[in-house]
Every structure is written in C-alpha cells, then in structure tokens.
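Down below is the structure, laid out as structure tokens.
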Amino acid sequence: MYLFCAEYAYTLRVNEKSDIYSFGVVLLELVTGKPPVDPEFGEKDLVKWVCSTIDQKGVEHVLDSKLDMTFKDEINRVLNIALLCSSSLPINRPAMRRVVKMLQEVRAEATRPRLEKDGKLSPYYYEDTSDQGSSV
C-alpha cells in the first residue's frame with residue numbers, strides 16, 4: 001500500500017497503470033519474501049532494493065530462499081513480470097491483460113513434464129495412472 005501511495009503522491013492520479021504497479025509490488029513480495037518497505041532497504045522501497053541488488057549482486061540474492069528452486073526458471077520469469085509491472089515509467093508497464101497472459105505462460109511452462117540432463121523425466125513429474133480404468 002505504501003508504494004501505491006508513493007506513486008499517487010508523485011502523479012496525483014490513480015489509473016490502470018498505478019494498479020499494475022501495485023500488482024508488480026505484490027508479485028515482488030511473493031518472489032522475494034520481503035515486505036514492500038523494510039529497514040533492511042534503508043531509504044529504498046522493495047522495487048528499488050530489488051533492482052539495485054540484482055545489479056550489484058545478482059538475481060539469486062533477491063529470491064526467497066523458501067521457494068522451490070526446481071522452478072527457478074519460472075520464478076525468474078515471474079520476477080521479470082513483476083519488474084515490468086513496477087517500472088518507474090507508467091508507459092513501460094504492460095496492460096493487465098498482457099500480465100495475465102504472461103503469468104499463464106509461466107504456469108503452462110511449470111506444468112510441463114521436465115526432462116533431466118540424461119533425457120529422462122524429472123523425479124518431480126509423476127504421471128497419475130490412478131484414474132486409468134482396469135479391466136477385470
């Protein structure tokens with residue numbers, strides 16, 4: 001809410017682009033496990049902290065360690081969507097329809113069977129055969 005208020009204070013306008021910014025902040029909270037403002041950030045907010053930390057130390061330093069890194073590619077894609085949504089220039093933020101489409105693409109990617117380096121299915125993919133009928 002703080003970041004939304006900060007943007008409102010700068011622009012004195014509430015519109016779809018400010019809603020998208022707020023949604024981007026929520027996505028950043030989910031991916032980083034951090035609140036929108038925190039003493040750890042100093043004078044920065046979550047968006048500025050993420051951007052500067054990525055620039056200085058790399059992506060791995062902003063991701064929540066509690067996340068399942070089996071899905072690291074998908075997590076990175078959600079992080080990128082969050083950063084697009086929270087762009088400092090409203091014109092650079094995607095429409096919500098586009099955001100939903102990008103998130104659906106990430107979900108589709110996450111549900112595909114994964115192949116290990118040896119070409120075999122990952123142990124994280126189990127085909128459910130319980131609903132396949134059996135003849136008696």
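In the structure tokens, the first chain shown is A, the next is B, and so on; residue numbers restart at 1 for each chain, and ligands run from 1 in the order shown.
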
Within 10 Å of Ala95 in chain A using only C-alpha atoms, minus same-chain residues under 4 positions, as an mmCIF file with N, CA, C and O atoms, in the first residue's frame:
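File written: result_10.cif
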```
data_model
loop_
_atom_site.group_PDB
_atom_site.id
_atom_site.type_symbol
_atom_site.label_atom_id
_atom_site.label_comp_id
_atom_site.auth_asym_id
_atom_site.auth_seq_id
_atom_site.Cartn_x
_atom_site.Cartn_y
_atom_site.Cartn_z
ATOM 1 N N GLU A 16 -5.163 2.650 -14.343
ATOM 2 C CA GLU A 16 -4.785 1.253 -14.535
ATOM 3 C C GLU A 16 -3.290 1.052 -14.334
ATOM 4 O O GLU A 16 -2.856 0.068 -13.734
ATOM 5 N N LYS A 17 -2.491 1.992 -14.779
ATOM 6 C CA LYS A 17 -1.035 1.833 -14.664
ATOM 7 C C LYS A 17 -0.572 1.846 -13.206
ATOM 8 O O LYS A 17 0.374 1.160 -12.850
ATOM 9 N N ILE A 20 -1.377 -1.554 -11.876
ATOM 10 C CA ILE A 20 -0.400 -2.532 -12.363
ATOM 11 C C ILE A 20 0.890 -2.425 -11.552
ATOM 12 O O ILE A 20 1.507 -3.435 -11.213
ATOM 13 N N CYS A 85 5.941 -4.691 -14.393
ATOM 14 C CA CYS A 85 4.766 -4.041 -13.810
ATOM 15 C C CYS A 85 5.144 -2.851 -12.933
ATOM 16 O O CYS A 85 4.386 -1.882 -12.839
ATOM 17 N N ILE A 91 4.306 4.301 -18.778
ATOM 18 C CA ILE A 91 4.135 3.888 -20.171
ATOM 19 C C ILE A 91 4.818 2.563 -20.474
ATOM 20 O O ILE A 91 4.433 1.839 -21.392
ATOM 21 N N VAL A 99 -0.292 -8.940 -18.676
ATOM 22 C CA VAL A 99 0.295 -9.526 -17.458
ATOM 23 C C VAL A 99 -0.312 -10.901 -17.199
ATOM 24 O O VAL A 99 0.400 -11.866 -16.929
ATOM 25 N N VAL A 100 -1.628 -10.984 -17.297
ATOM 26 C CA VAL A 100 -2.312 -12.266 -17.081
ATOM 27 C C VAL A 100 -1.823 -13.296 -18.090
ATOM 28 O O VAL A 100 -1.532 -14.439 -17.733
#
```

Quick one: everything within 12 Å of range 30-35 of chain A, counting only C-alpha atoms, minus sequence neighbours fewer than 3 positions away in the same chain. Send it as a ChimeraX atom specification. /A:1-3,23-27,38-41,45-47,49-51,53-54,59-69,71-72,74-83

If you count only C-alpha atoms, which residues fall within 8 Å of Leu84 in chain A, apart from same-chain ones fewer than 5 positions away, as a list in words? Gly24, Asn92, Arg93 and Pro94 of chain A
